[in-house]
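The file entry_15.pdb comes next; it holds PDB, C-alpha atoms and all ligand atoms.
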ATOM      1  CA  MET A   1       2.519 -11.473 -11.436  1.00  0.00           C
ATOM      2  CA  ALA A   2       5.434 -10.915  -9.066  1.00  0.00           C
ATOM      3  CA  GLY A   3       5.500  -7.636  -7.274  1.00  0.00           C
ATOM      4  CA  ASP A   4       1.781  -7.137  -6.965  1.00  0.00           C
ATOM      5  CA  PHE A   5       1.858  -7.328  -3.206  1.00  0.00           C
ATOM      6  CA  VAL A   6       4.007  -4.875  -1.332  1.00  0.00           C
ATOM      7  CA  LYS A   7       4.684  -4.119   2.280  1.00  0.00           C
ATOM      8  CA  ILE A   8       4.073  -0.433   2.853  1.00  0.00           C
ATOM      9  CA  LYS A   9       5.207   1.618   5.790  1.00  0.00           C
ATOM     10  CA  CYS A  10       2.577   4.113   6.855  1.00  0.00           C
ATOM     11  CA  PRO A  11       3.925   7.685   6.626  1.00  0.00           C
ATOM     12  CA  ASP A  12       1.920   8.731   9.668  1.00  0.00           C
ATOM     13  CA  CYS A  13       2.287   5.942  12.228  1.00  0.00           C
ATOM     14  CA  SER A  14       5.116   3.830  10.754  1.00  0.00           C
ATOM     15  CA  SER A  15       3.160   0.615  11.003  1.00  0.00           C
ATOM     16  CA  GLU A  16       3.746  -1.799   8.150  1.00  0.00           C
ATOM     17  CA  GLN A  17       1.088  -3.612   6.244  1.00  0.00           C
ATOM     18  CA  ILE A  18       0.821  -5.701   3.125  1.00  0.00           C
ATOM     19  CA  ALA A  19      -1.310  -4.281   0.337  1.00  0.00           C
ATOM     20  CA  PHE A  20      -2.237  -5.206  -3.220  1.00  0.00           C
ATOM     21  CA  ARG A  21      -0.489  -2.685  -5.445  1.00  0.00           C
ATOM     22  CA  LYS A  22      -3.144  -2.867  -8.168  1.00  0.00           C
ATOM     23  CA  ALA A  23      -5.933  -2.259  -5.702  1.00  0.00           C
ATOM     24  CA  ALA A  24      -9.356  -1.482  -7.151  1.00  0.00           C
ATOM     25  CA  SER A  25     -10.282   0.557  -4.108  1.00  0.00           C
ATOM     26  CA  VAL A  26      -8.410   2.738  -1.669  1.00  0.00           C
ATOM     27  CA  VAL A  27      -6.227   0.870   0.815  1.00  0.00           C
ATOM     28  CA  THR A  28      -6.004   2.490   4.218  1.00  0.00           C
ATOM     29  CA  CYS A  29      -3.702   1.953   7.164  1.00  0.00           C
ATOM     30  CA  HIS A  30      -5.270  -0.500   9.591  1.00  0.00           C
ATOM     31  CA  VAL A  31      -3.936   1.484  12.530  1.00  0.00           C
ATOM     32  CA  CYS A  32      -4.576   5.156  11.763  1.00  0.00           C
ATOM     33  CA  GLY A  33      -6.657   5.117   8.587  1.00  0.00           C
ATOM     34  CA  THR A  34      -4.243   7.051   6.387  1.00  0.00           C
ATOM     35  CA  THR A  35      -4.591   6.268   2.691  1.00  0.00           C
ATOM     36  CA  LEU A  36      -1.774   3.973   1.594  1.00  0.00           C
ATOM     37  CA  VAL A  37      -2.739   3.056  -1.961  1.00  0.00           C
ATOM     38  CA  THR A  38      -4.894   5.118  -4.306  1.00  0.00           C
ATOM     39  CA  PRO A  39      -6.263   3.244  -7.345  1.00  0.00           C
ATOM     40  CA  ARG A  40      -5.106   4.666 -10.652  1.00  0.00           C
ATOM     41  CA  GLY A  41      -6.414   2.230 -13.235  1.00  0.00           C
ATOM     42  CA  GLY A  42      -3.438  -0.093 -13.025  1.00  0.00           C
ATOM     43  CA  VAL A  43      -0.648   0.099 -10.530  1.00  0.00           C
ATOM     44  CA  GLY A  44      -1.906   2.237  -7.681  1.00  0.00           C
ATOM     45  CA  LEU A  45      -0.313   5.369  -6.348  1.00  0.00           C
ATOM     46  CA  ILE A  46       1.522   4.396  -3.178  1.00  0.00           C
ATOM     47  CA  ASN A  47       1.543   6.831  -0.307  1.00  0.00           C
ATOM     48  CA  GLY A  48       4.359   5.817   1.977  1.00  0.00           C
ATOM     49  CA  GLU A  49       7.517   3.768   1.779  1.00  0.00           C
ATOM     50  CA  VAL A  50       7.604   0.371   0.110  1.00  0.00           C
ATOM     51  CA  VAL A  51       9.542  -1.708   2.605  1.00  0.00           C
ATOM     52  CA  GLU A  52       9.420  -4.975   0.735  1.00  0.00           C
ATOM     53  CA  VAL A  53       7.938  -6.574  -2.365  1.00  0.00           C
ATOM     54  CA  VAL A  54       6.131  -9.611  -1.085  1.00  0.00           C
ATOM     55  CA  GLY A  55       5.084 -11.414  -4.245  1.00  0.00           C
TER      56      GLY A  55
HETATM   57 ZN    ZN A 101      -0.880   4.502   9.939  1.00  0.00          ZN
END
Let me see the structure of the file written as structure tokens.
Amino acid sequence: MAGDFVKIKCPDCSSEQIAFRKAASVVTCHVCGTTLVTPRGGVGLINGEVVEVVG
């Protein structure tokens, strides 16, 4: 299941955080609350830049 965790750079505050790409619920930035991953019934829609695939 490689590639399920990604490091996403927040488009609003540029902080980076690790998120589960196939999230079942919305993932928000821990700093500013911007939505980073929107669930889409599989691989989520990523809002922001994927900096790194973690694993
Ligand atoms: Zn942010």
| field | Evaluate the PyMOL selection byres (((chain A and resi 39) around 9) and not hetatm) and report residues as an MDAnalysis selection string | value | chainID A and resid 21:27 37:38 40:46
Give me the residues within 12 Å of Val31 of chain A as a compact mmCIF listing (two decimals) with C-alpha atoms, keeping the file's coordinate frame, counting all atoms listed in the file and dropping any in the same chain fewer than 4 places off.
# COMPACT_ATOMS: atom_id res chain seq x y z
CA LYS A 9 5.21 1.62 5.79
CA CYS A 10 2.58 4.11 6.86
CA PRO A 11 3.92 7.68 6.63
CA ASP A 12 1.92 8.73 9.67
CA CYS A 13 2.29 5.94 12.23
CA SER A 14 5.12 3.83 10.75
CA SER A 15 3.16 0.62 11.00
CA GLU A 16 3.75 -1.80 8.15
CA GLN A 17 1.09 -3.61 6.24
CA VAL A 27 -6.23 0.87 0.82
CA THR A 35 -4.59 6.27 2.69
CA LEU A 36 -1.77 3.97 1.59
Given the PyMOL selection byres (((chain A and resi 3) around 12) and not hetatm) and the file above, list the residues it selects as an mmCIF file with C-alpha atoms, keeping the file's coordinate frame.
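Output file expr.cif is given in full below:
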data_model
loop_
_atom_site.group_PDB
_atom_site.id
_atom_site.type_symbol
_atom_site.label_atom_id
_atom_site.label_comp_id
_atom_site.auth_asym_id
_atom_site.auth_seq_id
_atom_site.Cartn_x
_atom_site.Cartn_y
_atom_site.Cartn_z
ATOM 1 C CA MET A 1 2.519 -11.473 -11.436
ATOM 2 C CA ALA A 2 5.434 -10.915 -9.066
ATOM 3 C CA ASP A 4 1.781 -7.137 -6.965
ATOM 4 C CA PHE A 5 1.858 -7.328 -3.206
ATOM 5 C CA VAL A 6 4.007 -4.875 -1.332
ATOM 6 C CA LYS A 7 4.684 -4.119 2.280
ATOM 7 C CA ILE A 18 0.821 -5.701 3.125
ATOM 8 C CA ALA A 19 -1.310 -4.281 0.337
ATOM 9 C CA PHE A 20 -2.237 -5.206 -3.220
ATOM 10 C CA ARG A 21 -0.489 -2.685 -5.445
ATOM 11 C CA LYS A 22 -3.144 -2.867 -8.168
ATOM 12 C CA VAL A 43 -0.648 0.099 -10.530
ATOM 13 C CA VAL A 50 7.604 0.371 0.110
ATOM 14 C CA GLU A 52 9.420 -4.975 0.735
ATOM 15 C CA VAL A 53 7.938 -6.574 -2.365
ATOM 16 C CA VAL A 54 6.131 -9.611 -1.085
ATOM 17 C CA GLY A 55 5.084 -11.414 -4.245
#
Axis-aligned box for all listed atoms of segment 19-38 of chain A, 5 Å per side, centre and edges in Å to one decimal, as AutoDock Vina command-line options:
--center_x -5.4 --center_y 0.9 --center_z 2.2 --size_x 19.8 --size_y 22.3 --size_z 30.7
Working from the structure I just supplied, which lacks atoms in segment 6-38 of chain A, can you model N, CA and C atoms there and output them as a PDB file, in the coordinates of the input?
ATOM      1  N   VAL A   6       2.882  -5.595  -1.923  1.00  0.00           N
ATOM      2  CA  VAL A   6       4.007  -4.875  -1.332  1.00  0.00           C
ATOM      3  C   VAL A   6       3.729  -4.598   0.137  1.00  0.00           C
ATOM      4  N   LYS A   7       4.812  -4.519   0.885  1.00  0.00           N
ATOM      5  CA  LYS A   7       4.684  -4.119   2.280  1.00  0.00           C
ATOM      6  C   LYS A   7       4.950  -2.623   2.337  1.00  0.00           C
ATOM      7  N   ILE A   8       3.991  -1.890   2.837  1.00  0.00           N
ATOM      8  CA  ILE A   8       4.073  -0.433   2.853  1.00  0.00           C
ATOM      9  C   ILE A   8       4.176   0.065   4.287  1.00  0.00           C
ATOM     10  N   LYS A   9       5.080   0.999   4.474  1.00  0.00           N
ATOM     11  CA  LYS A   9       5.207   1.618   5.790  1.00  0.00           C
ATOM     12  C   LYS A   9       4.363   2.880   5.795  1.00  0.00           C
ATOM     13  N   CYS A  10       3.459   2.958   6.753  1.00  0.00           N
ATOM     14  CA  CYS A  10       2.577   4.113   6.855  1.00  0.00           C
ATOM     15  C   CYS A  10       3.393   5.377   7.169  1.00  0.00           C
ATOM     16  N   PRO A  11       3.170   6.450   6.398  1.00  0.00           N
ATOM     17  CA  PRO A  11       3.925   7.685   6.626  1.00  0.00           C
ATOM     18  C   PRO A  11       3.542   8.380   7.930  1.00  0.00           C
ATOM     19  N   ASP A  12       2.394   8.050   8.458  1.00  0.00           N
ATOM     20  CA  ASP A  12       1.920   8.731   9.668  1.00  0.00           C
ATOM     21  C   ASP A  12       2.273   7.992  10.955  1.00  0.00           C
ATOM     22  N   CYS A  13       2.081   6.665  10.976  1.00  0.00           N
ATOM     23  CA  CYS A  13       2.287   5.942  12.228  1.00  0.00           C
ATOM     24  C   CYS A  13       3.381   4.891  12.136  1.00  0.00           C
ATOM     25  N   SER A  14       3.987   4.742  10.949  1.00  0.00           N
ATOM     26  CA  SER A  14       5.116   3.830  10.754  1.00  0.00           C
ATOM     27  C   SER A  14       4.780   2.354  10.922  1.00  0.00           C
ATOM     28  N   SER A  15       3.495   2.033  10.979  1.00  0.00           N
ATOM     29  CA  SER A  15       3.160   0.615  11.003  1.00  0.00           C
ATOM     30  C   SER A  15       3.300   0.078   9.580  1.00  0.00           C
ATOM     31  N   GLU A  16       3.563  -1.206   9.465  1.00  0.00           N
ATOM     32  CA  GLU A  16       3.746  -1.799   8.150  1.00  0.00           C
ATOM     33  C   GLU A  16       2.596  -2.734   7.853  1.00  0.00           C
ATOM     34  N   GLN A  17       2.138  -2.688   6.620  1.00  0.00           N
ATOM     35  CA  GLN A  17       1.088  -3.612   6.244  1.00  0.00           C
ATOM     36  C   GLN A  17       1.220  -3.996   4.788  1.00  0.00           C
ATOM     37  N   ILE A  18       0.734  -5.196   4.484  1.00  0.00           N
ATOM     38  CA  ILE A  18       0.821  -5.701   3.125  1.00  0.00           C
ATOM     39  C   ILE A  18      -0.413  -5.268   2.359  1.00  0.00           C
ATOM     40  N   ALA A  19      -0.196  -4.745   1.149  1.00  0.00           N
ATOM     41  CA  ALA A  19      -1.310  -4.281   0.337  1.00  0.00           C
ATOM     42  C   ALA A  19      -1.126  -4.738  -1.105  1.00  0.00           C
ATOM     43  N   PHE A  20      -2.242  -4.866  -1.804  1.00  0.00           N
ATOM     44  CA  PHE A  20      -2.237  -5.206  -3.220  1.00  0.00           C
ATOM     45  C   PHE A  20      -1.979  -3.921  -3.996  1.00  0.00           C
ATOM     46  N   ARG A  21      -0.899  -3.912  -4.762  1.00  0.00           N
ATOM     47  CA  ARG A  21      -0.489  -2.685  -5.445  1.00  0.00           C
ATOM     48  C   ARG A  21      -1.493  -2.245  -6.517  1.00  0.00           C
ATOM     49  N   LYS A  22      -2.171  -3.215  -7.135  1.00  0.00           N
ATOM     50  CA  LYS A  22      -3.144  -2.867  -8.168  1.00  0.00           C
ATOM     51  C   LYS A  22      -4.553  -2.844  -7.578  1.00  0.00           C
ATOM     52  N   ALA A  23      -4.660  -2.286  -6.412  1.00  0.00           N
ATOM     53  CA  ALA A  23      -5.933  -2.259  -5.702  1.00  0.00           C
ATOM     54  C   ALA A  23      -7.018  -1.561  -6.524  1.00  0.00           C
ATOM     55  N   ALA A  24      -8.227  -2.088  -6.445  1.00  0.00           N
ATOM     56  CA  ALA A  24      -9.356  -1.482  -7.151  1.00  0.00           C
ATOM     57  C   ALA A  24     -10.039  -0.436  -6.285  1.00  0.00           C
ATOM     58  N   SER A  25      -9.735  -0.446  -5.008  1.00  0.00           N
ATOM     59  CA  SER A  25     -10.282   0.557  -4.108  1.00  0.00           C
ATOM     60  C   SER A  25      -9.170   1.050  -3.189  1.00  0.00           C
ATOM     61  N   VAL A  26      -9.418   2.135  -2.533  1.00  0.00           N
ATOM     62  CA  VAL A  26      -8.410   2.738  -1.669  1.00  0.00           C
ATOM     63  C   VAL A  26      -8.015   1.785  -0.535  1.00  0.00           C
ATOM     64  N   VAL A  27      -6.726   1.672  -0.305  1.00  0.00           N
ATOM     65  CA  VAL A  27      -6.227   0.870   0.815  1.00  0.00           C
ATOM     66  C   VAL A  27      -5.806   1.833   1.917  1.00  0.00           C
ATOM     67  N   THR A  28      -6.339   1.602   3.109  1.00  0.00           N
ATOM     68  CA  THR A  28      -6.004   2.490   4.218  1.00  0.00           C
ATOM     69  C   THR A  28      -5.220   1.755   5.289  1.00  0.00           C
ATOM     70  N   CYS A  29      -4.466   2.499   6.045  1.00  0.00           N
ATOM     71  CA  CYS A  29      -3.702   1.953   7.164  1.00  0.00           C
ATOM     72  C   CYS A  29      -4.666   1.362   8.187  1.00  0.00           C
ATOM     73  N   HIS A  30      -4.358   0.143   8.637  1.00  0.00           N
ATOM     74  CA  HIS A  30      -5.270  -0.500   9.591  1.00  0.00           C
ATOM     75  C   HIS A  30      -5.142   0.089  10.993  1.00  0.00           C
ATOM     76  N   VAL A  31      -4.121   0.880  11.213  1.00  0.00           N
ATOM     77  CA  VAL A  31      -3.936   1.484  12.530  1.00  0.00           C
ATOM     78  C   VAL A  31      -4.540   2.889  12.599  1.00  0.00           C
ATOM     79  N   CYS A  32      -4.159   3.758  11.653  1.00  0.00           N
ATOM     80  CA  CYS A  32      -4.576   5.156  11.763  1.00  0.00           C
ATOM     81  C   CYS A  32      -5.509   5.605  10.646  1.00  0.00           C
ATOM     82  N   GLY A  33      -5.701   4.782   9.629  1.00  0.00           N
ATOM     83  CA  GLY A  33      -6.657   5.117   8.587  1.00  0.00           C
ATOM     84  C   GLY A  33      -6.122   5.984   7.461  1.00  0.00           C
ATOM     85  N   THR A  34      -4.835   6.287   7.483  1.00  0.00           N
ATOM     86  CA  THR A  34      -4.243   7.051   6.387  1.00  0.00           C
ATOM     87  C   THR A  34      -4.305   6.255   5.093  1.00  0.00           C
ATOM     88  N   THR A  35      -4.559   6.935   3.988  1.00  0.00           N
ATOM     89  CA  THR A  35      -4.591   6.268   2.691  1.00  0.00           C
ATOM     90  C   THR A  35      -3.196   5.803   2.295  1.00  0.00           C
ATOM     91  N   LEU A  36      -3.075   4.523   1.975  1.00  0.00           N
ATOM     92  CA  LEU A  36      -1.774   3.973   1.594  1.00  0.00           C
ATOM     93  C   LEU A  36      -1.662   3.724   0.097  1.00  0.00           C
ATOM     94  N   VAL A  37      -2.749   3.287  -0.522  1.00  0.00           N
ATOM     95  CA  VAL A  37      -2.739   3.056  -1.961  1.00  0.00           C
ATOM     96  C   VAL A  37      -3.990   3.679  -2.568  1.00  0.00           C
ATOM     97  N   THR A  38      -3.788   4.519  -3.583  1.00  0.00           N
ATOM     98  CA  THR A  38      -4.894   5.118  -4.306  1.00  0.00           C
ATOM     99  C   THR A  38      -4.975   4.468  -5.678  1.00  0.00           C
TER     100      THR A  38
END
